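J.: Would you mind keeping the following structure in view while I ask a few things?
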Amino acid sequence: MKNDKMKNQYRVNEQIRVREVRIVGEGGSTVMPTRQALDMAHQQGVDLVEISPNAQPPVCRLIDYSKFLYQQKKHQKEMKAKQVKVEVKEIRFGPQTDDHDYNFKLKHAKEFLEEGNKVRAYVFFRGRSILFKEQGEVLLLRFANDLEEYAKVEQLPRLEGKKMFLFLAPKKAGVAKKSQQKRDNERREAEAKAAQEQEAEATAAANGLLANAKGGEDLLSKLKLDDEKA
C-alpha cells in the first residue's frame with residue numbers, strides 16, 4: 001500500500017507531458033525536449049522519472065524506476081531513524097518530601113534530561129495538604145534551580161486542581177551545560193593543583209641540589225684527607 005502511494009507521487013516516461021525537461025545526473029544538468037529525454041532513457045534501458053514537477057522546466061532523472069523508489073524509501077527510513085523521539089518523563093513529589101527521596105528523584109531527572117527527554121515534575125496534594133501549596137511551590141523551584149545545568153524552565157510551578165506542575169526541557173540533548181559557578185570552581189581547583197605540582201617540583205629540585213652539595217662536600221673532605229696522608 002505504501003509503495004503504491006509512493007509510485008503515485010512521481011510521473012514516469014509517457015506520463016510526463018511537458019515540452020522540455022531538465023535532466024540531472026553526475027555530470028551536471030541539461031535542458032532538452034522531453035521526446036529526446038525519453039529516447040535517451042529507452043537507449044539506456046532506464047526510465048525517465050520526474051523528481052521536481054514544479055521547477056521550470058521540470059527536473060527529471062534517467063534511472064530505473066524500481067531502483068529510484070528503493071532509494072527514496074531508504075532515504076525516508078534513514079531520516080526517520082535520525083529523528084530524536086522526545087518523551088515526557090514524570091517526577092512526583094509530596095508537599096513534605098524528605099531529602100533522601102528528593103535527591104533520588106533529582107538523580108533520575110538528570111538522567112532523563114541528559115537523554116534528551118522533557119521532565120514534568122509535580123507535587124500532589126492529598127486532602128488538607130493543599131494548605132501547604134506554598135511549600136510545594138518552593139520545592140519545585142528548588143528542583144528547577146538544582147537542574148539549571150541540565151534544563152530550562154518551560155513552565156513555572158502552576159496549580160491545577162490538586163497538582164502543582166513544573167515543566168522542564170533539556171538545554172541540549174546528551175550534554176549538560178555547566179553553570180558559571182561550576183566553571184569557576186573547576187578553574188580554581190585546576191589552579192590549586194598546578195600550584196601544588198609546581199611546589200612539589202621545586203621541593204624535589206631543592207632536595208636534589210642539597211644532596212649534590214652534600215656529596216660534593218664529602219668528596220672534598222676525602223680529597224683533603226688523602227693529601228694530608230700523602
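Here, A, B, ... name the chains of the C-alpha cells in the order displayed, residue numbers run from 1 inside each chain, and ligands are numbered from 1 in the same displayed order.
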Would you mind listing what lies within 12 Å of Asp99 (chain A) as a ChimeraX atom specification, with only C-alpha atoms counted and same-chain residues fewer than 4 positions away left out?
T.: /A:93-94,103-106,139,142-143
J.: May I have the residues from that selection written out with N, CA and C atoms, as a PDB file, in the first residue's frame?
T.:
```
ATOM      1  N   PHE A  93       6.199  14.359  43.541  1.00  0.00           N
ATOM      2  CA  PHE A  93       6.590  14.698  44.905  1.00  0.00           C
ATOM      3  C   PHE A  93       5.349  14.815  45.795  1.00  0.00           C
ATOM      4  N   GLY A  94       5.597  14.681  47.092  1.00  0.00           N
ATOM      5  CA  GLY A  94       4.609  15.069  48.087  1.00  0.00           C
ATOM      6  C   GLY A  94       4.997  16.443  48.609  1.00  0.00           C
ATOM      7  N   ASN A 103      16.624  13.765  46.625  1.00  0.00           N
ATOM      8  CA  ASN A 103      17.879  13.533  45.905  1.00  0.00           C
ATOM      9  C   ASN A 103      17.767  12.349  44.949  1.00  0.00           C
ATOM     10  N   PHE A 104      17.007  11.334  45.347  1.00  0.00           N
ATOM     11  CA  PHE A 104      16.800  10.172  44.484  1.00  0.00           C
ATOM     12  C   PHE A 104      16.086  10.593  43.200  1.00  0.00           C
ATOM     13  N   LYS A 105      15.057  11.412  43.340  1.00  0.00           N
ATOM     14  CA  LYS A 105      14.287  11.858  42.181  1.00  0.00           C
ATOM     15  C   LYS A 105      15.067  12.883  41.356  1.00  0.00           C
ATOM     16  N   LEU A 106      15.896  13.670  42.019  1.00  0.00           N
ATOM     17  CA  LEU A 106      16.740  14.625  41.308  1.00  0.00           C
ATOM     18  C   LEU A 106      17.721  13.893  40.393  1.00  0.00           C
ATOM     19  N   LEU A 139       9.420  23.793  46.789  1.00  0.00           N
ATOM     20  CA  LEU A 139      10.095  22.532  46.454  1.00  0.00           C
ATOM     21  C   LEU A 139      10.363  22.457  44.947  1.00  0.00           C
ATOM     22  N   ARG A 142      13.078  24.872  43.898  1.00  0.00           N
ATOM     23  CA  ARG A 142      14.377  24.316  44.294  1.00  0.00           C
ATOM     24  C   ARG A 142      14.815  23.245  43.296  1.00  0.00           C
ATOM     25  N   PHE A 143      13.867  22.441  42.864  1.00  0.00           N
ATOM     26  CA  PHE A 143      14.125  21.374  41.891  1.00  0.00           C
ATOM     27  C   PHE A 143      14.632  21.973  40.579  1.00  0.00           C
TER      28      PHE A 143
END
```
J.: Assign secondary structure with DSSP using the backbone only, and return the residues of region 17-201 of chain A in alpha helix (DSSP H) as a ChimeraX atom specification.
T.: /A:34-44,65-82,99-114,133-146,180-201
J.: Between CA of Arg158 (chain A) and CA of Glu137 (chain A), measure the distance and give it in Å to one decimal.
T.: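 Computed distance, CA of Arg158 (chain A) to CA of Glu137 (chain A), equals 8.1 Å.
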J.: Take CA of Asn13 (chain A) and CA of Leu38 (chain A) and report the distance between them in Å, one decimal.
T.: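 Distance reported for this atom pair: 6.5 Å.
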J.: Set the distance at 12 Å and use only C-alpha atoms: which residues neighbour Gln56 (chain A) once local chain neighbours fewer than 5 positions away are removed? I'd like the list as JSON, numbers by chain.
T.: {"A": [18, 19, 20, 21, 22, 23, 31]}
J.: How many Å lie between CA of Met40 (chain A) and CA of Gly27 (chain A), rounded to one decimal?
T.: 15.2 Å
J.: Please identify all polymer residues within 10 Å of Gln155 (chain A), counting only C-alpha atoms, omitting same-chain residues fewer than 5 positions from it, and present them as JSON, numbers by chain.
T.: {"A": [120, 165, 166, 167, 168, 169]}
J.: Which is closest to Gly136 (chain A) among A:Pro157, A:Gly25, A:Pro33, A:Pro57, if we use only C-alpha atoms?
T.: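 Smallest separation from Gly136 (chain A) among the options: A:Pro157.
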J.: So which one's closest to Val86 (chain A), A:Ala151, A:Ile16, A:Leu131, A:Val119? Using only C-alpha atoms, please.
T.: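 For Val86 (chain A), the nearest of the candidates is A:Val119.
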J.: Name the closest residue to Glu50 (chain A) among the candidates A:Lys80, A:Lys74, A:Arg35, A:Arg17; distances are taken between atoms, counting only C-alpha atoms.
T.: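 So, comparing all the options, the nearest one is A:Arg17.
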J.: Here is a test: counting only C-alpha atoms, which residue of A:Lys110, A:Lys89, A:Arg11, A:Lys77 is nearest to Tyr65 (chain A)?
T.: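 Answer, going by the shortest atom-to-atom distance: A:Arg11.
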J.: Using only C-alpha atoms, which residue out of A:Glu87, A:Glu78, A:Glu26, A:Glu189 lies closest to Leu113 (chain A)?
T.: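 The answer is A:Glu87, which sits nearest to Leu113 (chain A).
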J.: Considering only C-alpha atoms, state which residue in the set A:Ala190, A:Leu140, A:Met79, A:Leu62 is at the smallest distance from Asp39 (chain A).
T.: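 Of all the options, A:Leu62 lies closest to Asp39 (chain A).
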J.: Within region 21-214 of chain A, find each residue whose DSSP state, derived from the backbone, is strand (DSSP E), and express the selection as a PyMOL selection string.
T.: chain A and resi 21-25+28-33+47-52+59-63+88-93+118-124+151-160+163-170
J.: Include N, CA and C atoms and write out the residues we just selected as a compact mmCIF listing (two decimals), in the first residue's frame.
T.:
```txt
# COMPACT_ATOMS: atom_id res chain seq x y z
N VAL A 21 12.36 19.17 -20.46
CA VAL A 21 12.71 18.83 -19.08
C VAL A 21 14.19 19.11 -18.85
N ARG A 22 14.54 19.19 -17.56
CA ARG A 22 15.96 19.32 -17.18
C ARG A 22 16.43 17.98 -16.64
N ILE A 23 17.40 17.40 -17.29
CA ILE A 23 17.94 16.12 -16.88
C ILE A 23 19.14 16.37 -15.95
N VAL A 24 19.10 15.80 -14.75
CA VAL A 24 20.21 15.95 -13.81
C VAL A 24 20.90 14.61 -13.63
N GLY A 25 22.21 14.67 -13.44
CA GLY A 25 22.99 13.46 -13.23
C GLY A 25 24.33 13.82 -12.63
N GLY A 28 26.17 16.85 -14.17
CA GLY A 28 25.54 18.17 -14.15
C GLY A 28 24.09 18.08 -14.60
N SER A 29 23.60 19.13 -15.26
CA SER A 29 22.21 19.14 -15.72
C SER A 29 22.13 19.71 -17.12
N THR A 30 21.13 19.23 -17.89
CA THR A 30 20.94 19.67 -19.27
C THR A 30 19.46 19.78 -19.57
N VAL A 31 19.06 20.88 -20.22
CA VAL A 31 17.67 21.06 -20.65
C VAL A 31 17.54 20.53 -22.07
N MET A 32 16.51 19.71 -22.27
CA MET A 32 16.29 19.13 -23.59
C MET A 32 14.80 18.85 -23.79
N PRO A 33 14.38 18.65 -25.04
CA PRO A 33 12.99 18.28 -25.30
C PRO A 33 12.66 16.95 -24.60
N ASP A 47 14.38 4.48 -16.99
CA ASP A 47 13.14 5.26 -17.06
C ASP A 47 13.45 6.75 -16.92
N LEU A 48 12.53 7.55 -17.45
CA LEU A 48 12.59 8.99 -17.25
C LEU A 48 11.65 9.31 -16.09
N VAL A 49 12.24 9.73 -14.95
CA VAL A 49 11.47 9.95 -13.72
C VAL A 49 11.48 11.43 -13.38
N GLU A 50 10.28 12.01 -13.23
CA GLU A 50 10.13 13.41 -12.87
C GLU A 50 10.26 13.56 -11.35
N ILE A 51 11.31 14.24 -10.89
CA ILE A 51 11.54 14.33 -9.43
C ILE A 51 11.18 15.70 -8.86
N SER A 52 11.05 16.70 -9.74
CA SER A 52 10.68 18.03 -9.26
C SER A 52 9.75 18.68 -10.29
N VAL A 59 12.32 18.93 -13.36
CA VAL A 59 13.59 18.22 -13.25
C VAL A 59 13.33 16.72 -13.29
N CYS A 60 14.13 16.01 -14.08
CA CYS A 60 13.97 14.55 -14.23
C CYS A 60 15.31 13.85 -14.08
N ARG A 61 15.22 12.56 -13.83
CA ARG A 61 16.42 11.72 -13.78
C ARG A 61 16.24 10.52 -14.69
N LEU A 62 17.35 10.07 -15.25
CA LEU A 62 17.37 8.83 -16.03
C LEU A 62 17.80 7.72 -15.10
N ILE A 63 16.85 6.89 -14.66
CA ILE A 63 17.15 5.87 -13.65
C ILE A 63 16.08 4.79 -13.70
N VAL A 88 8.17 12.70 27.56
CA VAL A 88 7.96 13.50 28.76
C VAL A 88 7.93 12.54 29.95
N LYS A 89 8.93 12.69 30.82
CA LYS A 89 9.04 11.83 32.00
C LYS A 89 8.45 12.56 33.21
N GLU A 90 7.77 11.82 34.03
CA GLU A 90 7.12 12.42 35.20
C GLU A 90 7.89 12.14 36.49
N ILE A 91 7.98 13.15 37.31
CA ILE A 91 8.57 13.05 38.65
C ILE A 91 7.51 13.54 39.64
N ARG A 92 7.15 12.68 40.59
CA ARG A 92 6.09 13.05 41.53
C ARG A 92 6.67 13.30 42.92
N PHE A 93 6.20 14.36 43.54
CA PHE A 93 6.59 14.70 44.90
C PHE A 93 5.35 14.81 45.80
N LYS A 118 12.02 15.50 28.13
CA LYS A 118 11.48 16.56 28.97
C LYS A 118 11.06 15.97 30.32
N VAL A 119 10.93 16.83 31.31
CA VAL A 119 10.53 16.38 32.65
C VAL A 119 9.32 17.21 33.10
N ARG A 120 8.30 16.49 33.56
CA ARG A 120 7.14 17.15 34.17
C ARG A 120 7.12 16.74 35.64
N ALA A 121 7.54 17.67 36.48
CA ALA A 121 7.57 17.40 37.92
C ALA A 121 6.31 18.01 38.53
N TYR A 122 5.74 17.29 39.48
CA TYR A 122 4.54 17.84 40.12
C TYR A 122 4.46 17.41 41.57
N VAL A 123 3.79 18.25 42.34
CA VAL A 123 3.51 17.96 43.74
C VAL A 123 2.02 17.62 43.84
N PHE A 124 1.73 16.48 44.44
CA PHE A 124 0.34 16.06 44.59
C PHE A 124 -0.12 16.34 46.03
N ALA A 151 18.65 21.78 32.42
CA ALA A 151 17.33 22.08 31.87
C ALA A 151 17.00 23.56 31.90
N LYS A 152 16.08 23.93 31.04
CA LYS A 152 15.48 25.26 31.07
C LYS A 152 14.01 25.09 31.45
N VAL A 153 13.47 26.07 32.14
CA VAL A 153 12.10 26.00 32.61
C VAL A 153 11.15 26.39 31.49
N GLU A 154 10.24 25.47 31.13
CA GLU A 154 9.23 25.77 30.14
C GLU A 154 7.97 26.34 30.78
N GLN A 155 7.70 25.92 32.01
CA GLN A 155 6.54 26.45 32.74
C GLN A 155 6.85 26.46 34.22
N LEU A 156 6.73 27.62 34.83
CA LEU A 156 6.94 27.74 36.28
C LEU A 156 5.83 27.01 37.03
N PRO A 157 6.05 26.71 38.31
CA PRO A 157 5.04 25.97 39.08
C PRO A 157 3.65 26.61 38.97
N ARG A 158 2.68 25.75 38.60
CA ARG A 158 1.30 26.23 38.46
C ARG A 158 0.35 25.18 39.00
N LEU A 159 -0.58 25.62 39.82
CA LEU A 159 -1.54 24.72 40.46
C LEU A 159 -2.69 24.41 39.51
N GLU A 160 -2.92 23.11 39.32
CA GLU A 160 -4.04 22.65 38.50
C GLU A 160 -4.78 21.58 39.30
N LYS A 163 -2.86 19.23 41.87
CA LYS A 163 -1.48 19.04 41.46
C LYS A 163 -0.86 20.38 41.06
N MET A 164 0.41 20.56 41.44
CA MET A 164 1.16 21.74 41.02
C MET A 164 2.28 21.26 40.09
N PHE A 165 2.28 21.77 38.85
CA PHE A 165 3.18 21.27 37.82
C PHE A 165 4.33 22.23 37.54
N LEU A 166 5.47 21.61 37.19
CA LEU A 166 6.65 22.33 36.70
C LEU A 166 7.14 21.58 35.47
N PHE A 167 7.33 22.31 34.35
CA PHE A 167 7.79 21.67 33.12
C PHE A 167 9.22 22.11 32.81
N LEU A 168 10.08 21.11 32.54
CA LEU A 168 11.49 21.35 32.22
C LEU A 168 11.83 20.72 30.88
N ALA A 169 12.68 21.39 30.12
CA ALA A 169 13.16 20.85 28.84
C ALA A 169 14.67 20.83 28.86
N PRO A 170 15.28 19.83 28.23
CA PRO A 170 16.75 19.75 28.24
C PRO A 170 17.37 20.92 27.49
```
